[in-house]
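So this block is input.tsv, TSV, C-alpha atoms:
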chain	number	residue	atom	x	y	z
A	18	MET	CA	2.77	18.68	-4.35
A	19	GLN	CA	-0.95	18.13	-3.99
A	20	PRO	CA	-1.99	14.68	-2.79
A	21	LEU	CA	-2.53	12.13	-5.54
A	22	SER	CA	-5.88	10.51	-6.31
A	23	ALA	CA	-6.35	7.00	-7.67
A	24	SER	CA	-6.96	8.40	-11.17
A	25	GLU	CA	-3.77	10.49	-11.04
A	26	ILE	CA	-1.79	7.45	-9.92
A	27	ARG	CA	-3.24	5.36	-12.77
A	28	ASP	CA	-2.44	8.15	-15.22
A	29	ALA	CA	1.16	8.22	-13.96
A	30	PHE	CA	1.33	4.43	-14.36
A	31	ASP	CA	0.08	4.83	-17.98
A	32	ASP	CA	2.88	7.31	-18.60
A	33	LEU	CA	5.42	5.05	-16.85
A	34	ALA	CA	4.31	2.00	-18.86
A	35	GLN	CA	4.65	3.87	-22.16
A	36	ARG	CA	8.16	5.01	-21.27
A	37	LEU	CA	9.13	1.48	-20.24
A	38	ALA	CA	7.70	0.09	-23.49
A	39	ARG	CA	9.86	2.53	-25.50
A	40	ARG	CA	12.88	1.24	-23.56
A	41	GLY	CA	11.88	-2.38	-24.18
A	42	VAL	CA	11.60	-3.04	-20.44
A	43	VAL	CA	9.07	-5.13	-18.50
A	44	ALA	CA	8.71	-4.03	-14.88
A	45	ARG	CA	6.83	-5.18	-11.80
A	46	ILE	CA	5.92	-2.95	-8.87
A	47	TYR	CA	4.36	-3.99	-5.55
A	48	VAL	CA	2.38	-1.13	-4.00
A	49	ALA	CA	1.33	-0.66	-0.38
A	50	GLY	CA	0.33	2.27	1.85
A	51	GLY	CA	-1.93	5.10	0.82
A	52	ALA	CA	-1.58	4.37	-2.90
A	53	ALA	CA	-2.77	0.79	-2.35
A	54	MET	CA	-5.69	2.13	-0.35
A	55	ALA	CA	-6.60	4.55	-3.16
A	56	LEU	CA	-6.19	2.03	-5.97
A	57	MET	CA	-8.03	-0.93	-4.43
A	58	TYR	CA	-9.72	-0.28	-1.11
A	59	ASP	CA	-10.91	3.35	-0.90
A	60	GLU	CA	-11.31	5.29	-4.17
A	61	ASN	CA	-11.64	8.58	-2.24
A	62	ARG	CA	-8.28	8.15	-0.49
A	63	LEU	CA	-5.55	10.59	-1.43
A	64	THR	CA	-1.83	9.99	-0.92
A	65	ARG	CA	1.41	11.96	-1.06
A	66	ASP	CA	3.34	9.20	-2.83
A	67	VAL	CA	3.33	5.62	-4.05
A	68	ASP	CA	4.95	3.33	-1.46
A	69	ALA	CA	6.46	0.66	-3.66
A	70	SER	CA	8.94	-2.13	-4.06
A	71	ILE	CA	10.26	-2.59	-7.58
A	72	SER	CA	11.04	-6.23	-8.24
A	73	ALA	CA	11.81	-6.03	-11.96
A	74	GLY	CA	13.13	-3.20	-14.11
A	75	TYR	CA	14.37	-1.11	-11.19
A	76	ASP	CA	16.79	1.24	-12.95
A	77	ASP	CA	14.43	1.93	-15.85
A	78	VAL	CA	11.43	2.45	-13.55
A	79	MET	CA	13.33	4.96	-11.44
A	80	ALA	CA	14.72	6.81	-14.48
A	81	ALA	CA	11.25	7.07	-16.04
A	82	ALA	CA	9.68	8.03	-12.69
A	83	HIS	CA	12.18	10.89	-12.37
A	84	GLU	CA	11.31	12.08	-15.89
A	85	ILE	CA	7.60	12.00	-15.01
A	86	ALA	CA	8.29	13.90	-11.78
A	87	ARG	CA	10.16	16.66	-13.62
A	88	GLU	CA	7.43	17.01	-16.25
A	89	ARG	CA	4.59	17.09	-13.72
A	90	GLY	CA	6.34	19.16	-11.08
A	91	TRP	CA	6.25	16.26	-8.61
A	92	PRO	CA	9.00	15.28	-6.21
A	93	THR	CA	11.32	12.61	-7.59
A	94	THR	CA	10.24	10.47	-4.63
A	95	TRP	CA	6.65	10.08	-5.87
A	96	ILE	CA	7.57	6.39	-6.16
A	97	ASN	CA	8.87	5.89	-2.63
A	98	GLU	CA	10.78	2.81	-1.55
A	99	GLN	CA	11.29	3.89	2.06
A	100	ALA	CA	8.31	1.83	3.24
A	101	THR	CA	9.84	-1.47	2.11
A	102	MET	CA	10.91	-2.21	5.70
A	103	TYR	CA	7.22	-2.46	6.62
A	104	MET	CA	6.40	-4.77	3.70
A	105	PRO	CA	6.27	-8.55	3.81
A	106	PRO	CA	9.34	-10.46	2.59
A	107	GLU	CA	9.73	-10.15	-1.19
A	108	GLN	CA	8.61	-13.73	-1.92
A	109	ASP	CA	5.33	-12.99	-0.09
A	110	ARG	CA	4.52	-9.70	-1.82
A	111	HIS	CA	1.36	-10.61	-3.66
A	112	GLY	CA	-2.12	-9.24	-4.07
A	113	ALA	CA	-4.50	-7.98	-6.69
A	114	ILE	CA	-3.27	-6.58	-9.97
A	115	ALA	CA	-4.18	-2.89	-9.91
A	116	TYR	CA	-2.61	-1.99	-13.24
A	117	GLU	CA	-1.61	-4.19	-16.16
A	118	HIS	CA	0.27	-3.25	-19.31
A	119	PRO	CA	2.66	-5.37	-21.40
A	120	SER	CA	5.54	-3.31	-19.94
A	121	LEU	CA	4.27	-2.73	-16.39
A	122	SER	CA	2.48	-4.84	-13.82
A	123	VAL	CA	1.41	-3.17	-10.58
A	124	VAL	CA	0.38	-5.47	-7.75
A	125	VAL	CA	-1.33	-4.00	-4.70
A	126	ALA	CA	-0.81	-5.53	-1.27
A	127	SER	CA	-3.61	-7.88	-0.22
A	128	VAL	CA	-6.09	-6.76	2.44
A	129	GLU	CA	-4.37	-8.98	5.01
A	130	GLN	CA	-0.97	-7.55	4.12
A	131	MET	CA	-2.33	-4.02	4.40
A	132	ILE	CA	-3.85	-4.77	7.82
A	133	ALA	CA	-0.58	-6.28	9.04
A	134	MET	CA	1.53	-3.39	7.73
A	135	LYS	CA	-0.79	-0.73	9.16
A	136	ALA	CA	-0.88	-2.53	12.54
A	137	ARG	CA	2.92	-2.82	12.64
A	138	SER	CA	3.50	0.84	11.83
A	139	ALA	CA	0.71	2.02	14.20
A	140	ARG	CA	0.93	5.61	13.02
A	141	ARG	CA	-1.85	8.06	13.75
A	142	THR	CA	-2.06	8.70	10.00
A	143	ASP	CA	-2.85	4.99	9.44
A	144	GLU	CA	-5.83	4.89	11.79
A	145	SER	CA	-8.56	5.66	9.23
A	146	ASP	CA	-7.03	3.19	6.76
A	147	LEU	CA	-6.94	0.42	9.37
A	148	ARG	CA	-10.54	1.17	10.39
A	149	HIS	CA	-11.59	0.95	6.75
A	150	LEU	CA	-9.75	-2.35	6.20
A	151	LEU	CA	-11.07	-3.93	9.41
A	152	ALA	CA	-14.64	-2.97	8.49
A	153	HIS	CA	-14.10	-4.31	4.96
A	154	GLN	CA	-13.00	-7.66	6.42
A	155	LYS	CA	-15.60	-7.58	9.23
A	156	ILE	CA	-12.86	-7.91	11.85
A	157	SER	CA	-14.04	-7.06	15.33
A	158	ALA	CA	-11.33	-8.45	17.63
A	159	ALA	CA	-7.72	-7.40	18.16
A	160	GLU	CA	-6.80	-11.10	18.31
A	161	GLU	CA	-7.83	-11.44	14.67
A	162	VAL	CA	-5.38	-8.68	13.77
A	163	ASP	CA	-2.66	-10.49	15.77
A	164	GLU	CA	-3.35	-13.65	13.75
A	165	ILE	CA	-3.10	-11.73	10.49
A	166	VAL	CA	0.22	-10.17	11.54
A	167	ALA	CA	1.56	-13.64	12.41
A	168	ARG	CA	0.51	-14.99	8.98
A	169	VAL	CA	1.95	-12.08	7.02
A	170	PHE	CA	5.10	-11.70	9.12
A	171	PRO	CA	5.89	-15.20	10.47
A	172	GLY	CA	7.70	-15.14	13.78
A	173	GLU	CA	6.74	-11.55	14.49
A	174	GLN	CA	4.15	-10.13	16.81
A	175	LEU	CA	2.95	-6.65	17.61
A	176	GLY	CA	4.72	-4.75	20.37
A	177	PRO	CA	2.87	-3.26	23.34
A	178	ARG	CA	2.36	0.14	21.65
A	179	GLN	CA	0.98	-1.42	18.46
A	180	THR	CA	-1.23	-3.83	20.44
A	181	ARG	CA	-2.77	-0.96	22.44
A	182	TRP	CA	-3.29	1.04	19.26
A	183	VAL	CA	-5.08	-1.85	17.52
A	184	GLN	CA	-7.18	-2.57	20.62
A	185	GLU	CA	-8.29	1.07	20.78
A	186	ILE	CA	-9.30	1.05	17.12
A	187	VAL	CA	-11.19	-2.25	17.39
A	188	SER	CA	-12.87	-1.14	20.62
A	189	SER	CA	-13.99	2.21	19.21
A	190	ALA	CA	-15.23	0.53	16.02
A	191	SER	CA	-17.34	-1.81	18.16
A	192	ASP	CA	-18.65	1.17	20.15
A	193	ASP	CA	-19.58	2.90	16.87
A	194	GLY	CA	-21.33	-0.20	15.55
A	195	GLY	CA	-18.48	-0.99	13.14
A	196	GLY	CA	-16.96	-4.43	12.63
A	197	SER	CA	-18.98	-7.62	13.00
A	198	SER	CA	-20.95	-8.71	16.00

Will you turn the file into structure tokens for me?
Amino acid sequence: MQPLSASEIRDAFDDLAQRLARRGVVARIYVAGGAAMALMYDENRLTRDVDASISAGYDDVMAAAHEIARERGWPTTWINEQATMYMPPEQDRHGAIAYEHPSLSVVVASVEQMIAMKARSARRTDESDLRHLLAHQKISAAEEVDEIVARVFPGEQLGPRQTRWVQEIVSSASDDGGGSS
């Protein structure tokens, strides 16, 4: 499967919403990861899937998503729930509405939630996303990221590997003239 653009994701959500409407279902999806980046924070970002947590209409969303996957030649995991362990607790999953239809509401993780999730995962593939988010928020100190993580994930802090990773990103952004002064 080719990576998905923001417009392809929105088109898939249109299709999903229409299928849910025919079933008489109202669903809510919380989106994070690369799809959230593409939909709200970086229009040029491509992603392999839609990291999501489905809080309403689960069975119908998954059935319709599988139909869409078959018709488009996509993997059935294009809506991927495996990232939920990196997401904030369900009651704290809020953000901007990226897609709204009477049968489907898609909420994208807030900038702070995205920063916290990217910092916690500390994957090489998340580096450009974290740089983009930190620049967007004019964050220039690793301590600011630590504070965000503590707000989004109360009682948690970054481990040594994640802390070093964030420090390297913040430091190189400062060296490049990124962040705030």

Suppose you want the space between atom CA of A:Asp68 and atom CA of A:Ala52; what is it in Å?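 Distance reported for this atom pair: 6.8 Å.
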
What's around stretch 81-96 of chain A at 8 Å? Count all atoms listed in the file, leave out sequence neighbours fewer than 2 positions away in its own chain, and write the answer as a list of chain:residue names.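 Once the adjacent positions are removed, what remains is A:Met18, A:Ala29, A:Asp32, A:Leu33, A:Arg36, A:Leu37, A:Arg65, A:Asp66, A:Val67, A:Asp68, A:Ala69, A:Asp77, A:Val78, A:Met79, A:Glu98.
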
Using all atoms listed in the file: which of A:Asp163, A:Glu117, A:Asp146, A:Glu129 has the shortest distance to A:Gln35: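 The closest residue to A:Gln35 is A:Glu117.
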
Counting only C-alpha atoms, the residue of A:Gly176, A:Pro106, A:Pro119, A:Gly112 that sits nearest A:Val43: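 Going through A:Gly176, A:Pro106, A:Pro119, A:Gly112 one by one, the smallest distance to A:Val43 is for A:Pro119.
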
Atomic separation - atom CA of A:Val123 relative to atom CA of A:Ala38, Å: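 That distance, rounded to one decimal, is 14.7 Å.
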
Calculated over only C-alpha atoms, which of the candidates A:Ile156, A:Leu151, A:Val187, A:Ala136 has the smallest distance to A:Glu173?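 Of all the options, A:Ala136 lies closest to A:Glu173.
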
Find the distance between atom CA of A:Ser70 and atom CA of A:Ile114 and write it in Å to one decimal. 14.3 Å

Which residue, A:Ala113, A:Val124, A:Met104, A:Leu21, has the smallest gap to A:Val48 when you use only C-alpha atoms?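 Distance minimum relative to A:Val48 lands on A:Val124.
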
Which residues come within 9 Å of A:Asp143, counting only C-alpha atoms, excluding same-chain residues fewer than 6 positions away, as JSON, numbers by chain? {"A": [50, 51, 135, 136]}

Among the residues A:Val42, A:Ile186, A:Ala167, A:Ala23, the one that comes closest to A:Leu63 [using only C-alpha atoms]: A:Ala23

Neighbouring residues of A:Val183 were defined as those with any atom within 12 Å, considering all atoms listed in the file; residues of the same chain fewer than 4 positions away were excluded. Please report them as a PyMOL selection string. chain A and resi 132-141+143-145+147-148+151+156-163+166+175-179+187-190

Please, can stretch 124-152 of chain A be completed to N, CA and C atoms and returned as a JSON list (two decimals), keeping the file's coordinate frame?
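And here is the file that came out, part_30.json:
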[["chain", "number", "residue", "atom", "x", "y", "z"],
["A", 124, "VAL", "N", 1.10, -4.61, -8.69],
["A", 124, "VAL", "CA", 0.38, -5.47, -7.75],
["A", 124, "VAL", "C", 0.20, -4.69, -6.46],
["A", 125, "VAL", "N", -1.03, -4.69, -5.96],
["A", 125, "VAL", "CA", -1.33, -4.00, -4.70],
["A", 125, "VAL", "C", -1.38, -5.03, -3.58],
["A", 126, "ALA", "N", -0.81, -4.66, -2.45],
["A", 126, "ALA", "CA", -0.81, -5.53, -1.27],
["A", 126, "ALA", "C", -2.22, -6.04, -0.98],
["A", 127, "SER", "N", -2.31, -7.30, -0.58],
["A", 127, "SER", "CA", -3.61, -7.88, -0.22],
["A", 127, "SER", "C", -4.17, -7.18, 1.01],
["A", 128, "VAL", "N", -5.46, -7.36, 1.26],
["A", 128, "VAL", "CA", -6.09, -6.76, 2.44],
["A", 128, "VAL", "C", -5.37, -7.20, 3.71],
["A", 129, "GLU", "N", -5.07, -8.50, 3.82],
["A", 129, "GLU", "CA", -4.37, -8.98, 5.01],
["A", 129, "GLU", "C", -3.00, -8.34, 5.14],
["A", 130, "GLN", "N", -2.28, -8.20, 4.05],
["A", 130, "GLN", "CA", -0.97, -7.55, 4.12],
["A", 130, "GLN", "C", -1.11, -6.10, 4.55],
["A", 131, "MET", "N", -2.11, -5.42, 4.02],
["A", 131, "MET", "CA", -2.33, -4.02, 4.40],
["A", 131, "MET", "C", -2.65, -3.91, 5.89],
["A", 132, "ILE", "N", -3.52, -4.79, 6.39],
["A", 132, "ILE", "CA", -3.85, -4.77, 7.82],
["A", 132, "ILE", "C", -2.59, -4.98, 8.65],
["A", 133, "ALA", "N", -1.80, -5.97, 8.28],
["A", 133, "ALA", "CA", -0.58, -6.28, 9.04],
["A", 133, "ALA", "C", 0.41, -5.11, 9.01],
["A", 134, "MET", "N", 0.59, -4.51, 7.84],
["A", 134, "MET", "CA", 1.53, -3.39, 7.73],
["A", 134, "MET", "C", 1.05, -2.18, 8.52],
["A", 135, "LYS", "N", -0.24, -1.87, 8.42],
["A", 135, "LYS", "CA", -0.79, -0.73, 9.16],
["A", 135, "LYS", "C", -0.68, -0.98, 10.66],
["A", 136, "ALA", "N", -0.97, -2.21, 11.11],
["A", 136, "ALA", "CA", -0.88, -2.53, 12.54],
["A", 136, "ALA", "C", 0.56, -2.42, 13.03],
["A", 137, "ARG", "N", 1.50, -2.89, 12.24],
["A", 137, "ARG", "CA", 2.92, -2.82, 12.64],
["A", 137, "ARG", "C", 3.42, -1.39, 12.73],
["A", 138, "SER", "N", 3.00, -0.54, 11.80],
["A", 138, "SER", "CA", 3.50, 0.84, 11.83],
["A", 138, "SER", "C", 2.78, 1.66, 12.91],
["A", 139, "ALA", "N", 1.50, 1.38, 13.13],
["A", 139, "ALA", "CA", 0.71, 2.02, 14.20],
["A", 139, "ALA", "C", 0.88, 3.53, 14.24],
["A", 140, "ARG", "N", 0.82, 4.15, 13.07],
["A", 140, "ARG", "CA", 0.93, 5.61, 13.02],
["A", 140, "ARG", "C", -0.47, 6.21, 13.05],
["A", 141, "ARG", "N", -0.57, 7.35, 13.67],
["A", 141, "ARG", "CA", -1.85, 8.06, 13.75],
["A", 141, "ARG", "C", -2.44, 8.24, 12.35],
["A", 142, "THR", "N", -1.59, 8.49, 11.37],
["A", 142, "THR", "CA", -2.06, 8.70, 10.00],
["A", 142, "THR", "C", -2.62, 7.42, 9.37],
["A", 143, "ASP", "N", -2.34, 6.26, 9.96],
["A", 143, "ASP", "CA", -2.85, 4.99, 9.44],
["A", 143, "ASP", "C", -4.17, 4.57, 10.06],
["A", 144, "GLU", "N", -4.64, 5.31, 11.05],
["A", 144, "GLU", "CA", -5.83, 4.89, 11.79],
["A", 144, "GLU", "C", -7.06, 4.75, 10.89],
["A", 145, "SER", "N", -7.35, 5.75, 10.07],
["A", 145, "SER", "CA", -8.56, 5.66, 9.23],
["A", 145, "SER", "C", -8.43, 4.53, 8.22],
["A", 146, "ASP", "N", -7.23, 4.30, 7.69],
["A", 146, "ASP", "CA", -7.03, 3.19, 6.76],
["A", 146, "ASP", "C", -7.29, 1.85, 7.46],
["A", 147, "LEU", "N", -6.74, 1.69, 8.66],
["A", 147, "LEU", "CA", -6.94, 0.42, 9.37],
["A", 147, "LEU", "C", -8.42, 0.23, 9.70],
["A", 148, "ARG", "N", -9.10, 1.28, 10.12],
["A", 148, "ARG", "CA", -10.54, 1.17, 10.39],
["A", 148, "ARG", "C", -11.28, 0.69, 9.14],
["A", 149, "HIS", "N", -10.94, 1.29, 8.02],
["A", 149, "HIS", "CA", -11.59, 0.95, 6.75],
["A", 149, "HIS", "C", -11.34, -0.52, 6.40],
["A", 150, "LEU", "N", -10.10, -0.96, 6.53],
["A", 150, "LEU", "CA", -9.75, -2.35, 6.20],
["A", 150, "LEU", "C", -10.41, -3.34, 7.14],
["A", 151, "LEU", "N", -10.44, -3.03, 8.44],
["A", 151, "LEU", "CA", -11.07, -3.93, 9.41],
["A", 151, "LEU", "C", -12.57, -4.04, 9.13],
["A", 152, "ALA", "N", -13.21, -2.93, 8.82],
["A", 152, "ALA", "CA", -14.64, -2.97, 8.49],
["A", 152, "ALA", "C", -14.86, -3.77, 7.21]]
